[in-house]
$ cat protein_22.txt   # compact mmCIF, C-alpha atoms (C1' of nucleotides)
# COMPACT_ATOMS: atom_id res chain seq x y z
CA MET U 385 130.42 67.25 242.27
CA GLU U 386 133.37 64.92 242.09
CA GLU U 387 132.99 61.34 240.96
CA ARG U 388 134.42 60.10 244.23
CA GLN U 389 131.71 61.78 246.22
CA ALA U 390 129.00 60.81 243.78
CA LEU U 391 130.01 57.15 244.07
CA ALA U 392 129.80 57.41 247.85
CA ALA U 393 126.46 59.16 247.64
CA PHE U 394 124.97 56.56 245.32
CA GLY U 395 126.26 53.88 247.64
CA ALA U 396 124.66 55.61 250.57
CA LEU U 397 121.31 55.75 248.79
CA SER U 398 121.43 52.13 247.70
CA GLN U 399 120.52 50.74 251.09
CA GLU U 400 116.96 50.47 252.30
CA THR U 401 117.57 51.55 255.88
CA ARG U 402 119.69 54.49 254.83
CA LEU U 403 117.19 55.65 252.24
CA ARG U 404 114.51 55.51 254.92
CA ILE U 405 116.68 57.56 257.26
CA LEU U 406 117.43 60.11 254.57
CA ARG U 407 113.76 60.49 253.81
CA LEU U 408 112.96 61.09 257.45
CA LEU U 409 115.63 63.77 257.44
CA VAL U 410 114.38 65.34 254.22
CA VAL U 411 110.90 65.62 255.69
CA ALA U 412 112.31 66.97 258.95
CA GLY U 413 114.02 69.74 257.03
CA PRO U 414 116.96 71.89 258.12
CA GLU U 415 115.98 71.47 261.76
CA GLY U 416 117.09 67.85 261.65
CA LEU U 417 116.42 64.88 263.94
CA ALA U 418 118.21 63.26 266.86
CA SER U 419 119.40 59.72 266.28
CA GLY U 420 117.12 58.37 268.98
CA VAL U 421 114.14 59.79 267.14
CA ILE U 422 115.42 58.31 263.92
CA ALA U 423 115.83 54.94 265.60
CA ASP U 424 112.23 55.09 266.82
CA GLN U 425 110.72 56.24 263.56
CA ALA U 426 112.77 53.94 261.37
CA GLU U 427 112.40 51.04 263.80
CA VAL U 428 116.07 50.20 263.79
CA PRO U 429 118.47 49.57 266.71
CA ALA U 430 120.43 52.61 267.85
CA SER U 431 123.80 51.11 266.97
CA ASN U 432 122.50 50.48 263.54
CA VAL U 433 121.36 54.06 263.11
CA SER U 434 124.83 55.24 264.13
CA PHE U 435 126.36 52.96 261.56
CA HIS U 436 124.19 54.24 258.73
CA ILE U 437 124.32 57.88 259.76
CA LYS U 438 128.08 57.68 259.64
CA GLU U 439 127.80 56.34 256.13
CA LEU U 440 125.49 59.18 255.11
CA GLU U 441 127.89 61.69 256.62
CA ARG U 442 130.85 60.10 254.91
CA ALA U 443 128.97 60.48 251.65
CA GLY U 444 128.46 64.14 252.45
CA LEU U 445 124.69 63.90 252.36
CA VAL U 446 124.07 64.57 256.04
CA ALA U 447 125.45 67.10 258.50
CA SER U 448 125.26 67.15 262.27
CA ARG U 449 125.28 69.66 265.08
CA ARG U 450 125.03 69.32 268.82
CA GLU U 451 121.91 70.65 270.51
CA SER U 452 122.03 70.21 274.26
CA ARG U 453 122.17 66.50 274.98
CA SER U 454 121.19 65.46 271.50
CA ILE U 455 122.98 65.58 268.20
CA LEU U 456 120.75 66.69 265.38
CA TYR U 457 121.26 65.27 261.91
CA SER U 458 120.05 67.08 258.86
CA VAL U 459 120.23 66.69 255.11
CA ASP U 460 122.81 68.66 253.17
CA PHE U 461 120.42 69.83 250.48
CA GLU U 462 123.26 71.42 248.59
CA ALA U 463 124.92 68.01 248.23
CA LEU U 464 121.67 66.32 247.26
CA ASN U 465 121.15 68.94 244.60
CA GLY U 466 124.70 68.36 243.39
CA LEU U 467 123.98 64.66 243.08
CA VAL U 468 120.88 65.32 240.99
CA ARG U 469 122.96 67.48 238.71
CA PHE U 470 125.71 64.85 238.51
CA LEU U 471 123.18 62.24 237.51
CA MET U 472 121.69 64.55 234.92
CA GLU U 473 125.04 65.22 233.35
CA ASP U 474 125.65 61.52 232.91
CA CYS U 475 122.13 61.14 231.74
CA CYS U 476 122.25 64.01 229.27
CA ALA U 477 125.83 63.79 228.00
CA GLY U 478 125.46 64.30 224.29
CA GLN U 479 121.96 62.93 224.49
CA ILE U 480 119.72 65.71 225.72
CA GLY U 481 116.21 65.02 224.62
CA LEU U 482 116.61 61.28 224.82
CA CYS U 483 116.59 61.22 228.57
CA VAL U 484 114.97 64.43 229.66
CA ASP U 485 111.24 64.63 229.59
CA VAL U 486 110.45 68.33 229.38
CA ASP U 487 106.71 67.82 229.45
CA ARG U 488 106.96 66.53 232.96
CA ALA U 489 108.72 69.64 234.06
CA VAL U 490 112.12 68.11 234.57
CA MET U 491 114.63 70.24 232.77
CA CYS U 492 118.32 70.03 232.21
CA GLY U 493 119.93 73.25 231.14
CA ASN U 494 123.52 72.02 230.90
CA THR U 495 125.49 72.31 227.66
CA MET V 1357 109.80 54.55 239.78
CA GLU V 1358 109.47 52.06 242.59
CA GLU V 1359 111.76 52.18 245.58
CA ARG V 1360 112.93 48.65 244.90
CA GLN V 1361 114.21 49.59 241.48
CA ALA V 1362 115.66 52.88 242.67
CA LEU V 1363 117.66 51.06 245.34
CA ALA V 1364 119.02 48.70 242.71
CA ALA V 1365 119.81 51.59 240.40
CA PHE V 1366 121.67 53.54 243.08
CA GLY V 1367 123.59 50.38 243.92
CA ALA V 1368 124.47 49.94 240.28
CA LEU V 1369 125.80 53.49 240.06
CA SER V 1370 127.81 53.22 243.26
CA GLN V 1371 130.61 51.21 241.72
CA GLU V 1372 133.44 52.79 239.80
CA THR V 1373 133.66 50.21 237.03
CA ARG V 1374 129.92 50.21 236.49
CA LEU V 1375 129.71 53.98 236.40
CA ARG V 1376 132.46 53.99 233.81
CA ILE V 1377 130.58 51.41 231.75
CA LEU V 1378 127.35 53.36 232.01
CA ARG V 1379 129.08 56.53 230.85
CA LEU V 1380 130.52 54.75 227.85
CA LEU V 1381 127.02 53.58 227.03
CA VAL V 1382 125.52 57.03 227.54
CA VAL V 1383 128.02 58.50 225.12
CA ALA V 1384 127.44 55.64 222.68
CA GLY V 1385 123.74 56.46 222.64
CA PRO V 1386 120.84 54.26 221.58
CA GLU V 1387 123.09 52.36 219.20
CA GLY V 1388 124.88 50.73 222.15
CA LEU V 1389 128.19 48.91 222.45
CA ALA V 1390 129.30 45.27 222.38
CA SER V 1391 130.76 43.95 225.60
CA GLY V 1392 134.13 43.36 223.99
CA VAL V 1393 134.30 47.02 223.03
CA ILE V 1394 133.34 47.95 226.56
CA ALA V 1395 136.04 45.69 227.95
CA ASP V 1396 138.62 47.38 225.74
CA GLN V 1397 137.54 50.93 226.44
CA ALA V 1398 137.04 50.42 230.15
CA GLU V 1399 140.18 48.31 230.45
CA VAL V 1400 138.48 45.57 232.40
CA PRO V 1401 138.52 41.76 231.86
CA ALA V 1402 135.64 40.41 229.81
CA SER V 1403 134.27 38.30 232.64
CA ASN V 1404 134.21 41.38 234.77
CA VAL V 1405 132.27 43.34 232.18
CA SER V 1406 129.72 40.56 232.02
CA PHE V 1407 129.36 40.65 235.77
CA HIS V 1408 128.75 44.39 235.88
CA ILE V 1409 126.56 44.53 232.80
CA LYS V 1410 124.34 41.94 234.40
CA GLU V 1411 124.10 44.19 237.43
CA LEU V 1412 123.19 47.20 235.29
CA GLU V 1413 120.55 45.14 233.52
CA ARG V 1414 119.16 43.86 236.79
CA ALA V 1415 118.84 47.48 237.89
CA GLY V 1416 116.92 48.20 234.72
CA LEU V 1417 119.40 50.80 233.52
CA VAL V 1418 120.69 48.89 230.52
CA ALA V 1419 119.02 46.92 227.76
CA SER V 1420 120.51 44.50 225.26
CA ARG V 1421 119.84 43.21 221.77
CA ARG V 1422 121.61 40.75 219.55
CA GLU V 1423 123.27 42.08 216.42
CA SER V 1424 124.85 39.31 214.39
CA ARG V 1425 127.60 37.79 216.53
CA SER V 1426 127.64 40.58 219.05
CA ILE V 1427 125.25 41.64 221.73
CA LEU V 1428 124.80 45.39 221.93
CA TYR V 1429 124.16 47.02 225.28
CA SER V 1430 122.53 50.41 225.54
CA VAL V 1431 121.28 52.72 228.24
CA ASP V 1432 117.61 52.76 229.09
CA PHE V 1433 117.27 56.52 229.12
CA GLU V 1434 113.72 56.24 230.29
CA ALA V 1435 114.90 54.51 233.45
CA LEU V 1436 117.72 56.96 234.01
CA ASN V 1437 115.24 59.79 233.70
CA GLY V 1438 113.00 58.03 236.19
CA LEU V 1439 115.86 57.79 238.63
CA VAL V 1440 116.57 61.50 238.35
CA ARG V 1441 112.94 62.18 239.10
CA PHE V 1442 112.95 59.77 242.04
CA LEU V 1443 115.95 61.50 243.51
CA MET V 1444 114.32 64.89 243.01
CA GLU V 1445 111.20 63.80 244.79
CA ASP V 1446 113.19 62.75 247.83
CA CYS V 1447 115.22 65.86 247.51
CA CYS V 1448 112.26 68.19 247.18
CA ALA V 1449 109.72 66.53 249.45
CA GLY V 1450 108.22 69.42 251.33
CA GLN V 1451 111.41 71.35 250.85
CA ILE V 1452 111.33 72.79 247.35
CA GLY V 1453 113.59 75.77 247.20
CA LEU V 1454 116.00 74.41 249.75
CA CYS V 1455 117.45 71.88 247.42
CA VAL V 1456 116.64 73.09 243.94
CA ASP V 1457 118.81 75.75 242.48
CA VAL V 1458 116.68 77.39 239.82
CA ASP V 1459 119.39 79.79 238.72
CA ARG V 1460 121.42 76.92 237.44
CA ALA V 1461 118.57 75.77 235.31
CA VAL V 1462 117.72 72.69 237.27
CA MET V 1463 114.02 72.71 237.92
CA CYS V 1464 111.67 70.50 239.79
CA GLY V 1465 108.03 70.90 238.89
CA ASN V 1466 106.58 68.22 241.13
CA THR V 1467 103.94 68.97 243.70
C1' DC I 1472 129.79 20.40 209.74
C1' DT I 1473 133.41 22.52 211.79
C1' DT I 1474 136.07 26.38 213.11
C1' DT I 1475 136.08 30.81 214.95
C1' DC I 1476 135.01 34.18 217.94
C1' DG I 1477 132.16 36.97 221.15
C1' DA I 1478 130.16 36.50 225.47
C1' DT I 1479 128.77 34.16 229.60
C1' DT I 1480 129.41 30.96 233.33
C1' DC I 1481 132.11 28.70 236.73
C1' DT I 1482 135.15 28.84 240.37
C1' DA I 1483 137.82 30.53 244.07
C1' DC I 1484 139.08 34.03 246.76
C1' DA I 1485 139.55 38.61 249.19
C1' DT I 1486 137.01 42.52 250.63
C1' DT I 1487 133.22 45.09 252.00
C1' DT I 1488 128.78 45.65 253.99
C1' DG I 1489 125.04 45.11 257.24
C1' DT I 1490 123.26 43.61 261.80
C1' DA I 1491 122.84 43.95 266.68
C1' DG I 1492 124.01 43.28 271.72
C1' DG I 1493 126.81 45.11 275.19
C1' DA I 1494 130.32 48.29 276.86
C1' DT I 1495 131.81 52.94 276.78
C1' DT I 1496 131.90 57.92 276.28
C1' DG I 1497 130.34 62.34 277.25
C1' DT I 1498 126.87 65.90 278.32
C1' DT I 1499 123.47 67.67 281.35
C1' DG I 1500 120.30 68.27 285.16
C1' DA I 1501 119.61 67.39 290.03
C1' DT C 1285 129.48 65.16 292.38
C1' DC C 1286 126.70 61.87 290.49
C1' DA C 1287 122.69 59.74 288.28
C1' DA C 1288 120.36 59.77 283.59
C1' DC C 1289 120.45 59.65 279.21
C1' DA C 1290 121.89 60.10 274.27
C1' DA C 1291 124.93 58.45 271.13
C1' DT C 1292 128.93 56.09 269.64
C1' DC C 1293 132.28 52.35 269.71
C1' DC C 1294 133.53 47.52 270.06
C1' DT C 1295 132.90 43.05 268.79
C1' DA C 1296 131.50 39.11 266.34
C1' DC C 1297 129.34 37.27 262.75
C1' DA C 1298 126.50 36.51 258.40
C1' DA C 1299 125.84 37.92 253.82
C1' DA C 1300 126.81 40.31 249.69
C1' DT C 1301 130.08 42.20 246.43
C1' DG C 1302 134.07 42.57 243.33
C1' DT C 1303 137.91 40.38 240.82
C1' DA C 1304 139.78 37.53 237.25
C1' DG C 1305 141.49 33.18 235.00
C1' DA C 1306 139.73 29.04 232.85
C1' DA C 1307 136.09 26.48 230.88
C1' DT C 1308 131.96 26.52 228.33
C1' DC C 1309 128.24 28.03 225.33
C1' DG C 1310 126.24 29.50 221.12
C1' DA C 1311 125.82 32.07 216.74
C1' DA C 1312 127.69 32.66 212.31
C1' DA C 1313 131.12 32.33 208.58
C1' DG C 1314 133.48 29.23 205.65
$ encode --input "protein_22.txt" --output "structure tokens"
Amino acid sequence: MEERQALAAFGALSQETRLRILRLLVVAGPEGLASGVIADQAEVPASNVSFHIKELERAGLVASRRESRSILYSVDFEALNGLVRFLMEDCCAGQIGLCVDVDRAVMCGNT
Amino acid sequence: MEERQALAAFGALSQETRLRILRLLVVAGPEGLASGVIADQAEVPASNVSFHIKELERAGLVASRRESRSILYSVDFEALNGLVRFLMEDCCAGQIGLCVDVDRAVMCGNT
DNA sequence: CTTTCGATTCTACATTTGTAGGATTGTTGA
DNA sequence: TCAACAATCCTACAAATGTAGAATCGAAAG
């Protein structure tokens, strides 16, 4: 994952409302959710959901597809995985063992 | 890791200058770096480094200790590890296998 | 004690971000 | 075709963020 995208992704995750939206989408799975549903569940005005969804899309964390009248938004799990790996590389760089806690089943195999 | 801290940490990582500083500190290891050294290496004015370091500290990602005239800043690897785990939990929640790519040696043992 | 030097704080400013009501667009079912 | 409905766009505004020079603070060396 490129730094540019990682910066955008971190920015996207650094906002309460957006994190809440992302979590709803993670739980919803590949099926995704319509923005009206998101607005209801997150208790946020529709225009606001649009604003934040756009941000999540710009960051490459969320994809959309039309389904009849609704547009369904879903997490790009590939991108989320890429972000985890990006973070781990920064975390591990020359310091594996300092940051990774193998006992808790979080492993970094890079380098 | 609490959501509050994770939000702050993501925010801290979402800024180019801060990410650069964090990487310098990751490479430097537990020993840490003085802010003057950071300013030189990152090519950023000293006041700016102070500003961003404060942000990284507030996010709990960086710790400091005095060493003679200088103050040495170092990464809190524990916190960085916690952030990776936080991200994985969001990423995995009910969807293990969709997001985690075991072949590339990134594993999530939660749940 | 005083000078030096590393680091922060102050200040001012431009830019970006977040919020939300209302208007608009566009798809679908009647 | 047209009424309904979902979602975005427009707008205005408040708040937070990022930048950097200048002033200040504080520890340590002499």
$ atom_distance --input "protein_22.txt" --atom1 "atom CA of U:Val459" --atom2 "atom CA of U:Glu441"
9.3 Å
$ residues_around --input "protein_22.txt" --residues "I:DC1481" --least-positions-apart "2" --cutoff "9 Å" --atoms "only C-alpha atoms (C1' of nucleotides)" --output "list of chain:residue names"
C:DA1306, C:DA1307, C:DT1308
$ write_last_selection --input "protein_22.txt" --atoms "C-alpha atoms (C1' of nucleotides)" --output "PDB file, in the coordinates of the input"
ATOM      1  C1'  DA C1306     139.730  29.040 232.850  1.00  0.00           C
ATOM      2  C1'  DA C1307     136.090  26.480 230.880  1.00  0.00           C
ATOM      3  C1'  DT C1308     131.960  26.520 228.330  1.00  0.00           C
TER       4       DT C1308
END
$ closest_residue --input "protein_22.txt" --among "U:Arg407, U:Arg449, U:Lys438, U:Arg402" --to "chain V" --atoms "all atoms listed in the file"
U:Arg407
$ closest_atom_pairs --input "protein_22.txt" --of "chain I" --to "chain V" --cutoff "8 Å" --atoms "all atoms listed in the file" --output "tab-separated table"
residue	atom	partner	partner_atom	distance
I:DG1477	C1'	V:Ser1426	CA	6.2
I:DA1478	C1'	V:Ser1391	CA	7.5
I:DT1479	C1'	V:Ser1406	CA	6.9
$ residues_around --input "protein_22.txt" --residues "I:DT1486" --least-positions-apart "4" --cutoff "12 Å" --atoms "all atoms listed in the file" --output "list in words"
DA1300, DT1301, DG1302 and DT1303 of chain C
$ write_last_selection --input "protein_22.txt" --atoms "C-alpha atoms (C1' of nucleotides)" --output "PDB file, keeping the file's coordinate frame"
ATOM      1  C1'  DA C1300     126.810  40.310 249.690  1.00  0.00           C
ATOM      2  C1'  DT C1301     130.080  42.200 246.430  1.00  0.00           C
ATOM      3  C1'  DG C1302     134.070  42.570 243.330  1.00  0.00           C
ATOM      4  C1'  DT C1303     137.910  40.380 240.820  1.00  0.00           C
TER       5       DT C1303
END
$ interface_residues --input "protein_22.txt" --of "chain C" --to "chain V" --cutoff "8 Å" --atoms "all atoms listed in the file" --output "MDAnalysis selection string"
chainID C and resid 1303:1304 1311:1312
$ atom_distance --input "protein_22.txt" --atom1 "atom CA of U:Cys475" --atom2 "atom CA of V:Asn1437"
7.3 Å
$ calpha_fit_and_write --input "protein_22.txt" --fixed "chain U" --moving "chain V" --output "PDB file with C-alpha atoms, in the frame of the given file"
ATOM      1  CA  MET V1357     130.417  67.248 242.293  1.00  0.00           C
ATOM      2  CA  GLU V1358     133.386  64.937 242.080  1.00  0.00           C
ATOM      3  CA  GLU V1359     132.997  61.360 240.960  1.00  0.00           C
ATOM      4  CA  ARG V1360     134.450  60.118 244.221  1.00  0.00           C
ATOM      5  CA  GLN V1361     131.731  61.794 246.226  1.00  0.00           C
ATOM      6  CA  ALA V1362     129.007  60.823 243.781  1.00  0.00           C
ATOM      7  CA  LEU V1363     130.015  57.171 244.071  1.00  0.00           C
ATOM      8  CA  ALA V1364     129.816  57.418 247.844  1.00  0.00           C
ATOM      9  CA  ALA V1365     126.471  59.174 247.640  1.00  0.00           C
ATOM     10  CA  PHE V1366     124.972  56.569 245.314  1.00  0.00           C
ATOM     11  CA  GLY V1367     126.271  53.873 247.642  1.00  0.00           C
ATOM     12  CA  ALA V1368     124.670  55.623 250.572  1.00  0.00           C
ATOM     13  CA  LEU V1369     121.315  55.757 248.799  1.00  0.00           C
ATOM     14  CA  SER V1370     121.447  52.133 247.705  1.00  0.00           C
ATOM     15  CA  GLN V1371     120.519  50.736 251.088  1.00  0.00           C
ATOM     16  CA  GLU V1372     116.956  50.489 252.286  1.00  0.00           C
ATOM     17  CA  THR V1373     117.564  51.560 255.872  1.00  0.00           C
ATOM     18  CA  ARG V1374     119.685  54.505 254.820  1.00  0.00           C
ATOM     19  CA  LEU V1375     117.183  55.669 252.241  1.00  0.00           C
ATOM     20  CA  ARG V1376     114.502  55.532 254.898  1.00  0.00           C
ATOM     21  CA  ILE V1377     116.680  57.570 257.252  1.00  0.00           C
ATOM     22  CA  LEU V1378     117.439  60.116 254.561  1.00  0.00           C
ATOM     23  CA  ARG V1379     113.746  60.516 253.789  1.00  0.00           C
ATOM     24  CA  LEU V1380     112.960  61.105 257.433  1.00  0.00           C
ATOM     25  CA  LEU V1381     115.634  63.777 257.441  1.00  0.00           C
ATOM     26  CA  VAL V1382     114.378  65.342 254.218  1.00  0.00           C
ATOM     27  CA  VAL V1383     110.909  65.634 255.685  1.00  0.00           C
ATOM     28  CA  ALA V1384     112.330  66.962 258.953  1.00  0.00           C
ATOM     29  CA  GLY V1385     114.048  69.748 257.043  1.00  0.00           C
ATOM     30  CA  PRO V1386     116.970  71.908 258.126  1.00  0.00           C
ATOM     31  CA  GLU V1387     115.995  71.488 261.760  1.00  0.00           C
ATOM     32  CA  GLY V1388     117.107  67.839 261.666  1.00  0.00           C
ATOM     33  CA  LEU V1389     116.418  64.891 263.945  1.00  0.00           C
ATOM     34  CA  ALA V1390     118.211  63.248 266.872  1.00  0.00           C
ATOM     35  CA  SER V1391     119.416  59.722 266.274  1.00  0.00           C
ATOM     36  CA  GLY V1392     117.129  58.341 268.949  1.00  0.00           C
ATOM     37  CA  VAL V1393     114.142  59.805 267.137  1.00  0.00           C
ATOM     38  CA  ILE V1394     115.414  58.308 263.914  1.00  0.00           C
ATOM     39  CA  ALA V1395     115.814  54.930 265.574  1.00  0.00           C
ATOM     40  CA  ASP V1396     112.222  55.079 266.788  1.00  0.00           C
ATOM     41  CA  GLN V1397     110.707  56.251 263.534  1.00  0.00           C
ATOM     42  CA  ALA V1398     112.753  53.950 261.345  1.00  0.00           C
ATOM     43  CA  GLU V1399     112.370  51.045 263.757  1.00  0.00           C
ATOM     44  CA  VAL V1400     116.041  50.199 263.748  1.00  0.00           C
ATOM     45  CA  PRO V1401     118.441  49.569 266.690  1.00  0.00           C
ATOM     46  CA  ALA V1402     120.396  52.602 267.830  1.00  0.00           C
ATOM     47  CA  SER V1403     123.757  51.091 266.959  1.00  0.00           C
ATOM     48  CA  ASN V1404     122.466  50.470 263.499  1.00  0.00           C
ATOM     49  CA  VAL V1405     121.353  54.063 263.085  1.00  0.00           C
ATOM     50  CA  SER V1406     124.793  55.223 264.122  1.00  0.00           C
ATOM     51  CA  PHE V1407     126.354  52.951 261.553  1.00  0.00           C
ATOM     52  CA  HIS V1408     124.196  54.247 258.719  1.00  0.00           C
ATOM     53  CA  ILE V1409     124.310  57.881 259.757  1.00  0.00           C
ATOM     54  CA  LYS V1410     128.071  57.669 259.674  1.00  0.00           C
ATOM     55  CA  GLU V1411     127.800  56.351 256.140  1.00  0.00           C
ATOM     56  CA  LEU V1412     125.492  59.194 255.113  1.00  0.00           C
ATOM     57  CA  GLU V1413     127.891  61.692 256.647  1.00  0.00           C
ATOM     58  CA  ARG V1414     130.857  60.107 254.927  1.00  0.00           C
ATOM     59  CA  ALA V1415     128.970  60.501 251.656  1.00  0.00           C
ATOM     60  CA  GLY V1416     128.484  64.158 252.458  1.00  0.00           C
ATOM     61  CA  LEU V1417     124.704  63.923 252.378  1.00  0.00           C
ATOM     62  CA  VAL V1418     124.100  64.583 256.054  1.00  0.00           C
ATOM     63  CA  ALA V1419     125.465  67.106 258.515  1.00  0.00           C
ATOM     64  CA  SER V1420     125.275  67.159 262.295  1.00  0.00           C
ATOM     65  CA  ARG V1421     125.279  69.661 265.130  1.00  0.00           C
ATOM     66  CA  ARG V1422     125.047  69.321 268.864  1.00  0.00           C
ATOM     67  CA  GLU V1423     121.931  70.638 270.562  1.00  0.00           C
ATOM     68  CA  SER V1424     122.102  70.222 274.315  1.00  0.00           C
ATOM     69  CA  ARG V1425     122.240  66.488 275.017  1.00  0.00           C
ATOM     70  CA  SER V1426     121.233  65.460 271.544  1.00  0.00           C
ATOM     71  CA  ILE V1427     122.986  65.559 268.237  1.00  0.00           C
ATOM     72  CA  LEU V1428     120.755  66.686 265.398  1.00  0.00           C
ATOM     73  CA  TYR V1429     121.279  65.270 261.933  1.00  0.00           C
ATOM     74  CA  SER V1430     120.052  67.078 258.861  1.00  0.00           C
ATOM     75  CA  VAL V1431     120.243  66.696 255.119  1.00  0.00           C
ATOM     76  CA  ASP V1432     122.812  68.660 253.186  1.00  0.00           C
ATOM     77  CA  PHE V1433     120.442  69.829 250.489  1.00  0.00           C
ATOM     78  CA  GLU V1434     123.277  71.412 248.615  1.00  0.00           C
ATOM     79  CA  ALA V1435     124.915  68.015 248.228  1.00  0.00           C
ATOM     80  CA  LEU V1436     121.684  66.314 247.262  1.00  0.00           C
ATOM     81  CA  ASN V1437     121.158  68.953 244.614  1.00  0.00           C
ATOM     82  CA  GLY V1438     124.691  68.361 243.397  1.00  0.00           C
ATOM     83  CA  LEU V1439     123.991  64.673 243.081  1.00  0.00           C
ATOM     84  CA  VAL V1440     120.888  65.316 241.006  1.00  0.00           C
ATOM     85  CA  ARG V1441     122.954  67.483 238.717  1.00  0.00           C
ATOM     86  CA  PHE V1442     125.705  64.870 238.495  1.00  0.00           C
ATOM     87  CA  LEU V1443     123.198  62.244 237.509  1.00  0.00           C
ATOM     88  CA  MET V1444     121.687  64.568 234.917  1.00  0.00           C
ATOM     89  CA  GLU V1445     125.040  65.235 233.367  1.00  0.00           C
ATOM     90  CA  ASP V1446     125.662  61.534 232.897  1.00  0.00           C
ATOM     91  CA  CYS V1447     122.139  61.142 231.746  1.00  0.00           C
ATOM     92  CA  CYS V1448     122.248  63.998 229.271  1.00  0.00           C
ATOM     93  CA  ALA V1449     125.816  63.788 228.013  1.00  0.00           C
ATOM     94  CA  GLY V1450     125.457  64.281 224.303  1.00  0.00           C
ATOM     95  CA  GLN V1451     121.967  62.898 224.487  1.00  0.00           C
ATOM     96  CA  ILE V1452     119.718  65.693 225.696  1.00  0.00           C
ATOM     97  CA  GLY V1453     116.204  64.994 224.611  1.00  0.00           C
ATOM     98  CA  LEU V1454     116.596  61.257 224.818  1.00  0.00           C
ATOM     99  CA  CYS V1455     116.571  61.195 228.550  1.00  0.00           C
ATOM    100  CA  VAL V1456     114.941  64.421 229.630  1.00  0.00           C
ATOM    101  CA  ASP V1457     111.215  64.591 229.558  1.00  0.00           C
ATOM    102  CA  VAL V1458     110.415  68.281 229.336  1.00  0.00           C
ATOM    103  CA  ASP V1459     106.668  67.768 229.414  1.00  0.00           C
ATOM    104  CA  ARG V1460     106.908  66.507 232.928  1.00  0.00           C
ATOM    105  CA  ALA V1461     108.676  69.625 233.994  1.00  0.00           C
ATOM    106  CA  VAL V1462     112.058  68.099 234.526  1.00  0.00           C
ATOM    107  CA  MET V1463     114.584  70.214 232.722  1.00  0.00           C
ATOM    108  CA  CYS V1464     118.265  70.005 232.162  1.00  0.00           C
ATOM    109  CA  GLY V1465     119.914  73.226 231.103  1.00  0.00           C
ATOM    110  CA  ASN V1466     123.497  72.026 230.963  1.00  0.00           C
ATOM    111  CA  THR V1467     125.579  72.293 227.843  1.00  0.00           C
TER     112      THR V1467
END
$ closest_residue --input "protein_22.txt" --among "U:Met385, U:Ser398, U:Leu408, U:Ala423" --to "chain V" --atoms "all atoms listed in the file"
U:Ser398
$ residues_around --input "protein_22.txt" --residues "I:DT1495" --least-positions-apart "6" --cutoff "12 Å" --atoms "all atoms listed in the file" --output "list in words"
DA1291, DT1292, DC1293 and DC1294 of chain C
$ write_last_selection --input "protein_22.txt" --atoms "C-alpha atoms (C1' of nucleotides)" --output "tab-separated table (two decimals), in the coordinates of the input"
chain	number	residue	atom	x	y	z
C	1291	DA	C1'	124.93	58.45	271.13
C	1292	DT	C1'	128.93	56.09	269.64
C	1293	DC	C1'	132.28	52.35	269.71
C	1294	DC	C1'	133.53	47.52	270.06
$ residues_around --input "protein_22.txt" --residues "V:Gly1385" --least-positions-apart "2" --cutoff "8 Å" --atoms "all atoms listed in the file" --output "MDAnalysis selection string"
(chainID U and resid 479) or (chainID V and resid 1381:1383 1387:1388 1430:1431)
$ residues_near_point --input "protein_22.txt" --point "(121.4, 55.1, 234.0)" --cutoff "12 Å" --atoms "all atoms listed in the file" --output "JSON, numbers by chain"
{"U": [394, 470, 471, 472, 473, 474, 475, 476, 477, 483], "V": [1361, 1362, 1364, 1365, 1366, 1367, 1368, 1369, 1370, 1374, 1375, 1376, 1377, 1378, 1379, 1380, 1381, 1382, 1383, 1385, 1409, 1411, 1412, 1413, 1414, 1415, 1416, 1417, 1418, 1419, 1430, 1431, 1432, 1433, 1434, 1435, 1436, 1437, 1438, 1439, 1440]}
$ closest_residue --input "protein_22.txt" --among "V:Leu1363, V:Leu1389, V:Ala1384, V:Ser1420" --to "chain U" --atoms "all atoms listed in the file"
V:Leu1363
$ atom_distance --input "protein_22.txt" --atom1 "atom C1' of C:DA1298" --atom2 "atom C1' of I:DT1482"
21.4 Å
